[in-house]
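Structure file model_21.cif (mmCIF, C-alpha atoms) is printed below.
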```
data_entry
#
loop_
_atom_site.label_atom_id
_atom_site.label_comp_id
_atom_site.auth_asym_id
_atom_site.auth_seq_id
_atom_site.Cartn_x
_atom_site.Cartn_y
_atom_site.Cartn_z
CA MET T 1 19.81 -34.13 -2.12
CA LYS T 2 19.15 -36.65 -4.91
CA LEU T 3 15.75 -38.32 -5.22
CA GLY T 4 16.03 -40.02 -8.58
CA PHE T 5 13.21 -42.47 -7.89
CA ILE T 6 10.74 -39.54 -8.01
CA LYS T 7 10.08 -38.85 -11.68
CA SER T 8 8.22 -35.53 -11.44
CA PRO T 9 10.68 -32.59 -11.09
CA LEU T 10 8.07 -30.53 -9.23
CA LEU T 11 7.28 -33.33 -6.77
CA ARG T 12 11.01 -33.99 -6.24
CA TYR T 13 11.57 -30.29 -5.51
CA LEU T 14 8.69 -30.21 -3.00
CA VAL T 15 9.88 -33.37 -1.23
CA VAL T 16 13.37 -31.88 -0.86
CA ARG T 17 11.93 -28.64 0.52
CA PHE T 18 9.80 -30.62 2.96
CA LEU T 19 12.74 -32.69 4.19
CA LEU T 20 14.74 -29.50 4.76
CA ILE T 21 12.16 -28.46 7.38
CA PHE T 22 13.61 -30.93 9.88
CA PRO T 23 17.27 -29.79 9.88
CA THR T 24 16.04 -26.19 9.93
CA ILE T 25 13.92 -26.83 13.02
CA PHE T 26 16.76 -28.83 14.60
CA ILE T 27 19.24 -25.97 14.15
CA LEU T 28 16.83 -23.31 15.41
CA VAL T 29 15.73 -25.34 18.44
CA SER T 30 19.35 -26.17 19.30
CA MET T 31 20.35 -22.50 19.10
CA VAL T 32 17.47 -21.52 21.39
CA PHE T 33 18.37 -24.25 23.90
CA PHE T 34 22.06 -23.37 24.19
CA VAL T 35 21.45 -19.60 24.27
CA MET T 36 19.00 -20.09 27.14
CA ARG T 37 21.44 -22.37 28.99
CA ALA T 38 24.25 -19.84 28.55
CA ILE T 39 22.56 -17.61 31.15
CA GLY T 40 22.33 -20.41 33.74
CA ASP T 41 19.57 -22.73 34.83
CA PRO T 42 16.00 -21.37 34.43
CA ILE T 43 14.98 -22.10 38.03
CA THR T 44 17.65 -19.85 39.50
CA ALA T 45 16.94 -17.14 36.92
CA ALA T 46 13.20 -17.14 37.65
CA LEU T 47 13.04 -17.90 41.37
CA GLY T 48 16.49 -16.97 42.71
CA GLY T 49 16.14 -14.70 45.74
CA ARG T 50 12.57 -15.81 46.43
CA LEU T 51 13.42 -19.29 47.69
CA SER T 52 15.87 -20.49 50.30
CA PRO T 53 19.05 -22.18 49.00
CA ALA T 54 17.69 -25.59 50.05
CA GLN T 55 14.34 -25.03 48.30
CA LEU T 56 16.10 -23.72 45.22
CA ALA T 57 18.42 -26.74 45.09
CA ALA T 58 15.43 -29.07 45.47
CA ARG T 59 13.55 -27.38 42.61
CA ILE T 60 16.65 -27.51 40.37
CA HIS T 61 17.13 -31.21 41.12
CA SER T 62 13.46 -32.11 40.54
CA ALA T 63 13.51 -30.28 37.19
CA GLY T 64 16.73 -32.01 36.18
CA TYR T 65 18.75 -28.84 35.66
CA ASP T 66 21.65 -30.14 37.74
CA ARG T 67 22.37 -32.81 35.11
CA PRO T 68 25.00 -32.37 32.36
CA VAL T 69 23.89 -29.93 29.67
CA LEU T 70 24.25 -32.56 26.95
CA THR T 71 21.87 -34.89 28.83
CA GLN T 72 19.36 -32.03 29.19
CA TYR T 73 19.73 -31.26 25.50
CA ILE T 74 19.00 -34.83 24.42
CA ASP T 75 15.96 -34.98 26.71
CA TYR T 76 14.76 -31.64 25.35
CA LEU T 77 15.00 -32.86 21.76
CA GLY T 78 12.96 -35.89 22.77
CA GLN T 79 10.29 -33.63 24.28
CA ILE T 80 10.18 -31.50 21.12
CA ALA T 81 9.80 -34.64 19.00
CA ARG T 82 6.75 -35.57 21.11
CA GLY T 83 5.32 -32.05 20.72
CA ASP T 84 6.07 -31.14 24.34
CA PHE T 85 7.64 -27.66 24.51
CA GLY T 86 7.73 -27.60 28.32
CA ARG T 87 5.80 -25.81 31.07
CA THR T 88 6.09 -22.25 32.29
CA LEU T 89 7.66 -21.69 35.70
CA THR T 90 5.56 -18.67 36.66
CA THR T 91 2.08 -19.96 35.72
CA ASN T 92 2.70 -23.74 35.46
CA GLN T 93 0.99 -23.84 32.05
CA SER T 94 2.11 -26.01 29.19
CA ILE T 95 3.43 -24.07 26.20
CA GLY T 96 0.63 -25.68 24.20
CA GLU T 97 -1.92 -24.04 26.52
CA VAL T 98 -0.17 -20.68 26.11
CA LEU T 99 -0.34 -21.12 22.34
CA ALA T 100 -4.02 -22.06 22.44
CA THR T 101 -4.84 -19.05 24.63
CA TYR T 102 -2.79 -16.35 22.94
CA GLY T 103 -1.71 -17.71 19.57
CA MET T 104 -4.80 -16.71 17.62
CA ALA T 105 -4.38 -13.08 18.70
CA THR T 106 -0.93 -13.03 17.10
CA VAL T 107 -2.27 -14.75 13.99
CA GLU T 108 -5.00 -12.10 13.72
CA LEU T 109 -2.49 -9.25 14.06
CA THR T 110 -0.20 -10.89 11.49
CA VAL T 111 -3.08 -11.21 8.99
CA TYR T 112 -4.00 -7.55 9.41
CA SER T 113 -0.35 -6.54 9.04
CA VAL T 114 0.14 -8.52 5.84
CA ILE T 115 -3.00 -6.91 4.40
CA VAL T 116 -1.66 -3.44 5.27
CA ALA T 117 1.74 -4.30 3.79
CA LEU T 118 0.21 -5.52 0.53
CA VAL T 119 -2.28 -2.66 0.22
CA VAL T 120 0.38 -0.02 0.87
CA GLY T 121 3.52 -1.60 -0.58
CA ILE T 122 2.29 -2.97 -3.92
CA PRO T 123 0.55 0.19 -5.26
CA LEU T 124 3.48 2.36 -4.13
CA GLY T 125 5.92 0.04 -5.87
CA MET T 126 3.88 0.14 -9.07
CA LEU T 127 3.65 3.92 -8.90
CA ALA T 128 7.38 4.31 -8.25
CA ALA T 129 8.22 2.05 -11.21
CA HIS T 130 5.81 3.88 -13.49
CA ARG T 131 7.25 7.28 -12.42
CA ARG T 132 10.84 6.10 -12.35
CA ASP T 133 13.50 8.73 -11.54
CA THR T 134 10.94 11.40 -10.69
CA LYS T 135 10.08 13.09 -7.42
CA THR T 136 7.27 10.57 -6.94
CA ASP T 137 9.74 7.70 -7.28
CA ALA T 138 12.21 9.34 -4.89
CA SER T 139 9.47 9.97 -2.33
CA ALA T 140 8.28 6.37 -2.53
CA ARG T 141 11.82 5.05 -2.10
CA ILE T 142 12.40 7.29 0.92
CA PHE T 143 9.14 6.02 2.40
CA GLY T 144 10.25 2.42 1.83
CA ILE T 145 13.56 3.00 3.60
CA LEU T 146 11.95 4.81 6.54
CA ALA T 147 9.18 2.23 6.88
CA TYR T 148 11.66 -0.62 7.14
CA ALA T 149 14.37 1.15 9.16
CA THR T 150 12.23 2.92 11.77
CA PRO T 151 11.92 0.87 14.98
CA VAL T 152 8.50 -0.71 15.41
CA PHE T 153 8.02 0.57 18.94
CA PHE T 154 8.77 4.15 17.80
CA VAL T 155 6.15 3.95 15.04
CA GLY T 156 3.67 2.53 17.54
CA LEU T 157 4.28 5.25 20.10
CA LEU T 158 4.06 7.93 17.40
CA LEU T 159 0.72 6.59 16.14
CA LYS T 160 -0.59 6.41 19.71
CA LEU T 161 0.43 10.02 20.29
CA VAL T 162 -1.18 11.27 17.07
CA PHE T 163 -4.39 9.22 16.98
CA GLY T 164 -4.85 8.62 20.68
CA VAL T 165 -3.85 11.97 22.20
CA LEU T 166 -3.67 14.76 19.60
CA LEU T 167 -6.52 13.35 17.50
CA PRO T 168 -8.32 10.96 19.86
CA ILE T 169 -10.21 9.06 17.16
CA LEU T 170 -8.83 5.53 17.55
CA PRO T 171 -8.37 3.21 20.55
CA ILE T 172 -4.75 2.73 21.58
CA ALA T 173 -4.83 -0.42 23.71
CA GLY T 174 -6.38 -3.88 23.71
CA ARG T 175 -8.11 -5.95 21.05
CA ALA T 176 -11.59 -4.64 21.87
CA SER T 177 -13.37 -2.69 24.59
CA LEU T 178 -13.90 -4.56 27.85
CA THR T 179 -17.64 -5.12 27.34
CA ASP T 180 -17.11 -6.30 23.77
CA GLU T 181 -14.36 -8.70 24.86
CA LEU T 182 -16.83 -10.26 27.27
CA LEU T 183 -19.38 -10.58 24.46
CA ILE T 184 -16.84 -12.18 22.14
CA SER T 185 -15.64 -14.63 24.79
CA SER T 186 -19.25 -15.75 25.28
CA VAL T 187 -19.72 -16.65 21.60
CA PRO T 188 -20.27 -20.43 21.33
CA GLY T 189 -17.19 -22.10 19.85
CA ALA T 190 -15.17 -18.87 19.91
CA THR T 191 -12.11 -19.09 17.64
CA GLY T 192 -10.01 -16.44 19.38
CA PHE T 193 -9.85 -14.54 16.09
CA TYR T 194 -11.89 -11.55 17.25
CA LEU T 195 -13.01 -10.36 13.82
CA ILE T 196 -14.36 -13.81 12.89
CA ASP T 197 -16.14 -14.13 16.23
CA ALA T 198 -17.56 -10.59 15.89
CA LEU T 199 -18.81 -11.38 12.36
CA ARG T 200 -20.54 -14.46 13.73
CA THR T 201 -22.53 -12.30 16.13
CA GLY T 202 -23.75 -10.08 13.27
CA ASP T 203 -23.41 -7.00 15.51
CA PRO T 204 -22.10 -4.05 13.41
CA ALA T 205 -21.03 -2.07 16.48
CA LEU T 206 -19.00 -5.03 17.76
CA ILE T 207 -17.35 -5.53 14.36
CA LEU T 208 -16.42 -1.84 14.13
CA ASP T 209 -15.00 -1.89 17.65
CA VAL T 210 -12.77 -4.87 16.83
CA LEU T 211 -11.59 -3.27 13.57
CA GLY T 212 -11.01 0.07 15.30
CA HIS T 213 -8.74 -1.53 17.88
CA ALA T 214 -6.80 -3.30 15.10
CA VAL T 215 -6.02 -0.21 12.99
CA LEU T 216 -3.01 1.18 14.85
CA PRO T 217 -1.30 -2.16 15.66
CA ALA T 218 -1.82 -3.34 12.06
CA LEU T 219 -0.39 -0.09 10.67
CA THR T 220 2.58 -0.24 13.02
CA LEU T 221 3.54 -3.78 12.07
CA GLY T 222 2.33 -3.64 8.46
CA LEU T 223 4.40 -0.60 7.50
CA LEU T 224 7.52 -2.53 8.50
CA THR T 225 6.91 -5.00 5.67
CA ALA T 226 5.27 -2.51 3.29
CA GLY T 227 8.66 -0.90 2.69
CA VAL T 228 10.12 -4.26 1.64
CA PHE T 229 7.21 -4.99 -0.71
CA MET T 230 7.38 -1.51 -2.22
CA ARG T 231 11.06 -1.79 -3.13
CA LEU T 232 10.66 -5.35 -4.39
CA VAL T 233 7.68 -4.54 -6.63
CA ARG T 234 9.41 -1.41 -7.95
CA THR T 235 12.58 -3.29 -8.87
CA ASN T 236 10.77 -6.19 -10.53
CA MET T 237 8.30 -3.98 -12.37
CA ILE T 238 11.08 -1.82 -13.80
CA GLY T 239 12.72 -4.99 -15.10
CA THR T 240 9.44 -6.23 -16.52
CA LEU T 241 8.67 -2.91 -18.23
CA ASN T 242 12.01 -3.20 -20.05
CA ASN T 243 11.15 -6.60 -21.53
CA ASP T 244 10.65 -7.04 -25.26
CA TYR T 245 7.01 -8.09 -25.02
CA VAL T 246 6.21 -4.88 -23.13
CA ASP T 247 8.00 -2.83 -25.81
CA ALA T 248 5.99 -4.68 -28.44
CA ALA T 249 2.74 -3.88 -26.64
CA ARG T 250 3.81 -0.24 -26.30
CA SER T 251 4.53 -0.05 -30.05
CA ARG T 252 0.99 -1.29 -30.73
CA GLY T 253 -0.35 1.74 -28.89
CA VAL T 254 -1.19 0.10 -25.54
CA SER T 255 -1.49 2.81 -22.88
CA GLU T 256 1.10 3.07 -20.11
CA TYR T 257 -1.64 2.52 -17.51
CA ARG T 258 -2.62 -0.76 -19.13
CA LEU T 259 1.03 -1.79 -19.49
CA VAL T 260 1.58 -1.31 -15.77
CA THR T 261 -1.69 -2.79 -14.50
CA LYS T 262 -2.08 -5.67 -16.96
CA HIS T 263 1.19 -6.64 -18.62
CA ALA T 264 3.80 -5.92 -15.94
CA TYR T 265 1.70 -6.29 -12.78
CA ARG T 266 1.48 -10.06 -12.40
CA PRO T 267 5.10 -10.97 -13.27
CA ALA T 268 6.33 -8.34 -10.80
CA LEU T 269 4.22 -9.83 -7.99
CA ILE T 270 5.61 -13.37 -8.20
CA PRO T 271 8.74 -12.59 -6.09
CA VAL T 272 6.50 -10.99 -3.46
CA ILE T 273 4.97 -14.39 -2.71
CA THR T 274 8.38 -15.80 -1.77
CA VAL T 275 9.23 -12.77 0.33
CA VAL T 276 5.94 -13.06 2.26
CA GLY T 277 7.21 -16.30 3.78
CA MET T 278 10.50 -14.69 4.74
CA GLN T 279 8.68 -11.72 6.26
CA ILE T 280 6.61 -13.95 8.57
CA ALA T 281 9.67 -14.23 10.82
CA VAL T 282 10.06 -10.43 10.74
CA LEU T 283 6.39 -9.94 11.59
CA LEU T 284 6.55 -12.40 14.48
CA SER T 285 9.61 -10.67 15.93
CA GLY T 286 7.95 -7.29 15.41
CA ALA T 287 4.79 -8.59 17.06
CA VAL T 288 6.59 -8.73 20.43
CA LEU T 289 7.13 -4.96 20.47
CA THR T 290 3.84 -4.14 18.73
CA GLU T 291 1.72 -6.25 21.08
CA THR T 292 3.52 -4.81 24.10
CA THR T 293 3.07 -1.24 22.85
CA PHE T 294 -0.66 -1.66 22.25
CA GLU T 295 -1.37 -4.23 25.01
CA TRP T 296 -2.50 -6.65 22.31
CA LYS T 297 -2.58 -9.87 24.33
CA GLY T 298 -0.98 -12.34 21.97
CA LEU T 299 2.12 -14.53 22.03
CA GLY T 300 4.41 -11.52 21.69
CA PHE T 301 2.78 -9.83 24.69
CA GLU T 302 3.13 -13.01 26.75
CA LEU T 303 6.71 -13.50 25.60
CA ALA T 304 7.59 -10.03 26.87
CA HIS T 305 5.82 -10.85 30.15
CA PHE T 306 7.81 -14.07 30.57
CA LEU T 307 11.04 -12.25 29.76
CA SER T 308 10.37 -9.66 32.46
CA ALA T 309 9.58 -12.48 34.89
CA ARG T 310 12.80 -14.26 33.81
CA ASP T 311 10.77 -17.36 33.00
CA PHE T 312 13.25 -18.72 30.48
CA VAL T 313 11.54 -22.10 30.20
CA ALA T 314 8.50 -20.30 28.79
CA VAL T 315 10.69 -18.11 26.57
CA GLN T 316 12.56 -21.15 25.27
CA GLY T 317 9.33 -23.02 24.54
CA ILE T 318 7.58 -20.14 22.80
CA VAL T 319 10.60 -19.22 20.66
CA ALA T 320 11.12 -22.88 19.69
CA LEU T 321 7.45 -23.17 18.79
CA LEU T 322 7.61 -20.01 16.68
CA ALA T 323 10.69 -21.43 14.93
CA VAL T 324 8.60 -24.45 13.91
CA VAL T 325 5.82 -22.17 12.67
CA VAL T 326 8.28 -20.11 10.57
CA ALA T 327 9.87 -23.22 9.06
CA VAL T 328 6.51 -24.72 8.09
CA THR T 329 5.26 -21.38 6.73
CA ASN T 330 8.34 -21.01 4.53
CA PHE T 331 7.75 -24.51 3.16
CA LEU T 332 4.13 -23.66 2.27
CA VAL T 333 5.27 -20.47 0.53
CA ASP T 334 7.88 -22.47 -1.40
CA VAL T 335 5.12 -24.84 -2.54
CA LEU T 336 2.95 -21.96 -3.73
CA ALA T 337 5.85 -20.22 -5.48
CA ALA T 338 6.92 -23.44 -7.23
CA ILE T 339 3.41 -23.98 -8.56
CA ILE T 340 2.84 -20.49 -9.94
CA ASP T 341 6.37 -19.43 -10.94
CA PRO T 342 7.75 -21.33 -13.93
CA ARG T 343 11.17 -19.73 -13.49
CA ILE T 344 11.93 -21.80 -10.37
CA LYS T 345 14.40 -24.56 -11.21
CA TYR T 346 13.53 -28.01 -9.92
#
```

Please rewrite the model in this file as structure tokens.
Amino acid sequence: MKLGFIKSPLLRYLVVRFLLIFPTIFILVSMVFFVMRAIGDPITAALGGRLSPAQLAARIHSAGYDRPVLTQYIDYLGQIARGDFGRTLTTNQSIGEVLATYGMATVELTVYSVIVALVVGIPLGMLAAHRRDTKTDASARIFGILAYATPVFFVGLLLKLVFGVLLPILPIAGRASLTDELLISSVPGATGFYLIDALRTGDPALILDVLGHAVLPALTLGLLTAGVFMRLVRTNMIGTLNNDYVDAARSRGVSEYRLVTKHAYRPALIPVITVVGMQIAVLLSGAVLTETTFEWKGLGFELAHFLSARDFVAVQGIVALLAVVVAVTNFLVDVLAAIIDPRIKY
């Protein structure tokens, strides 16, 4: 895409990345629509067997699902363009209301998971690079492979078994205890981000309860991405440690610890920023199983509920909305990476 009238290479790059959001969203939304239609009309899927044939036909006609698929598709694109992602069949809520009610819970879990991934993955990657081709390096690489390859639900169940049954020291379900959830919901102007709302109350016991409930879900989802970060940091740090300027610093007597933590640390982290955006999609998909495993009532939990109820209108709307979120997040990460990484070509 040529934008010669924009003189700044950086600005031209960012404009191109922004414009690419729209075809990305279009492709993702189209895929979701046609996959959902491949299983039949949503009314029959959700309510078939519970309504008489006449009632079912009336509902299908009123919803417009007896029209040609292409006509439905064009109307659906028009709704998306207006910000209307549809209404659920089972609860008759707009997808926007579902997002407002449960979206912040998923955001909170994603934030915790990214923190776990960074705290675990980056130091392990640095350590593996520093101890390259040793038992420490091999152990770290094995951990990275297992963390990424092990199914999220299996990790969640294992953590629940260990810390909820064998060592009952952490809560295994919900975002907070029932009484504390009532306290948080009564906070004026509650954000839905439980930790922020708990901090606003200034109650240490409430804050600890919220954090305690977040430990196992955050570990379950965070370890999935920690393995990716570990391998990425290790690879980039090994390359950085082999650069001439690092050899020059080593010849001047700079300690290996300082080489790793000062000279090679920052350059090795730049690619992580780009990967964070890519991992948002992984975290959101993993959130469905994690939230279901720990009864963390976010978008993933609701998505699983709508799937079990065969409410494919809700599923289609939520997945399309998440596709928009992923596309916008990737654009923001591209902006950040372009600003801080001089190696990106404009």

Which residues, written as a PyMOL selection string, have at least one atom at most 7 Å from stretch 197-205 of chain T, with only C-alpha atoms counted and residues fewer than 4 positions away on the same chain left out?
-> chain T and resi 184+187+190-191+193+209

Residues from last step as file, C-alpha atoms, as an mmCIF file, keeping the file's coordinate frame:
```cif
data_model
loop_
_atom_site.group_PDB
_atom_site.id
_atom_site.type_symbol
_atom_site.label_atom_id
_atom_site.label_comp_id
_atom_site.auth_asym_id
_atom_site.auth_seq_id
_atom_site.Cartn_x
_atom_site.Cartn_y
_atom_site.Cartn_z
ATOM 1 C CA ILE T 184 -16.840 -12.180 22.140
ATOM 2 C CA VAL T 187 -19.720 -16.650 21.600
ATOM 3 C CA ALA T 190 -15.170 -18.870 19.910
ATOM 4 C CA THR T 191 -12.110 -19.090 17.640
ATOM 5 C CA PHE T 193 -9.850 -14.540 16.090
ATOM 6 C CA ASP T 209 -15.000 -1.890 17.650
#
```

Residues within 10 Å of T:Leu157, all atoms listed in the file, excluding chain neighbours under 4 positions, as a VMD selection string = chain T and resid 152 to 153 161 to 162 164 172 216 220 290 293 to 294

Figure out the distance between atom CA of T:Leu224 and atom CA of T:Phe154, please, to one decimal in Å.
->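 Here the two named atoms are 11.5 Å from each other.
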
May I ask which of the residues T:Tyr102, T:Leu10, T:Thr292, T:Phe33 is the closest one to T:Leu70, counting all atoms listed in the file?
->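 Checking each of T:Tyr102, T:Leu10, T:Thr292, T:Phe33 against T:Leu70, counting all atoms listed in the file, the winner is T:Phe33.
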
Could you write out as a PDB file with C-alpha atoms, in the coordinates of the input the residues that the PyMOL selection byres ((chain T and resi 222) around 7) matches in the shown file?
```
ATOM      1  CA  SER T 113      -0.350  -6.540   9.040  1.00  0.00           C
ATOM      2  CA  VAL T 114       0.140  -8.520   5.840  1.00  0.00           C
ATOM      3  CA  VAL T 116      -1.660  -3.440   5.270  1.00  0.00           C
ATOM      4  CA  ALA T 117       1.740  -4.300   3.790  1.00  0.00           C
ATOM      5  CA  ALA T 218      -1.820  -3.340  12.060  1.00  0.00           C
ATOM      6  CA  LEU T 219      -0.390  -0.090  10.670  1.00  0.00           C
ATOM      7  CA  THR T 220       2.580  -0.240  13.020  1.00  0.00           C
ATOM      8  CA  LEU T 221       3.540  -3.780  12.070  1.00  0.00           C
ATOM      9  CA  LEU T 223       4.400  -0.600   7.500  1.00  0.00           C
ATOM     10  CA  LEU T 224       7.520  -2.530   8.500  1.00  0.00           C
ATOM     11  CA  THR T 225       6.910  -5.000   5.670  1.00  0.00           C
ATOM     12  CA  ALA T 226       5.270  -2.510   3.290  1.00  0.00           C
TER      13      ALA T 226
END
```

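Each of T:His130, T:Val313, T:Ala320, T:Val210 was checked against T:Leu259 using all atoms listed in the file; the smallest atom-to-atom distance is that of T:His130.
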
Could you pull the residues within 6 Å of T:Gly298, counting only C-alpha atoms, minus those fewer than 5 positions along the same chain, as a list in words?
->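 What passes the distance filter is Tyr102, Gly103, Ala105 and Thr106 of chain T.
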
Using all atoms listed in the file, which residue out of T:Phe301, T:Tyr257, T:Phe34, T:Tyr13 lies closest to T:Ile74?
-> T:Phe34

Residues selected by the PyMOL selection byres ((chain T and resi 275) around 10), written as a ChimeraX atom specification = /T:225,228-229,232,270-274,276-280,330,333-334

Separating atom CA of T:Ala81 from atom CA of T:Ser30, to the nearest tenth of an Å, is a gap of 12.8 Å

Using all atoms listed in the file, find the one residue out of T:Tyr65, T:Phe163, T:Phe143, T:Tyr265 that sits nearest to T:Ala129.
->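 The answer is T:Tyr265, which sits nearest to T:Ala129.
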
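Using only C-alpha atoms, the shortest contact distance between T:Arg141 and any of T:Leu170, T:Leu283, T:Leu124, T:Val69 is found at T:Leu124.
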
Residue with smallest distance to T:Lys160 - pool T:Leu127, T:Leu195, T:Val215, T:Ile122, counting only C-alpha atoms = T:Val215

If I put a ball of radius 7 Å at (7.4, -9.4, -10.8) in the file's coordinates, which residues poke into it when counting all atoms listed in the file, written as a PyMOL selection string?
-> chain T and resi 233+236-237+240+265-271

Residues near T:Ile21, cut-off 12 Å, all atoms listed in the file, skip fewer than 6 positions along chain, as a list of chain:residue names |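 Contacts, in chain order: T:Leu14, T:Val15, T:Ile27, T:Leu28, T:Ala323, T:Val324, T:Val325, T:Val326, T:Ala327, T:Val328, T:Thr329, T:Asn330, T:Phe331, T:Leu332, T:Asp334.
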
Please write the residues picked by the PyMOL selection byres ((chain T and resi 174-176) around 6) on this file as a list in words.
->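 Given this file, the PyMOL selection byres ((chain T and resi 174-176) around 6) evaluates to Ala173, Ser177, Glu181, Val210, His213, Glu295 and Trp296 of chain T.
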
Store the residues of this selection in a file with C-alpha atoms, as a PDB file, in the coordinates of the input.
```
ATOM      1  CA  ALA T 173      -4.830  -0.420  23.710  1.00  0.00           C
ATOM      2  CA  SER T 177     -13.370  -2.690  24.590  1.00  0.00           C
ATOM      3  CA  GLU T 181     -14.360  -8.700  24.860  1.00  0.00           C
ATOM      4  CA  VAL T 210     -12.770  -4.870  16.830  1.00  0.00           C
ATOM      5  CA  HIS T 213      -8.740  -1.530  17.880  1.00  0.00           C
ATOM      6  CA  GLU T 295      -1.370  -4.230  25.010  1.00  0.00           C
ATOM      7  CA  TRP T 296      -2.500  -6.650  22.310  1.00  0.00           C
TER       8      TRP T 296
END
```

Can you work out the spacing between atom CA of T:Arg87 and atom CA of T:Gly317 in Å, to one decimal?
-> 7.9 Å
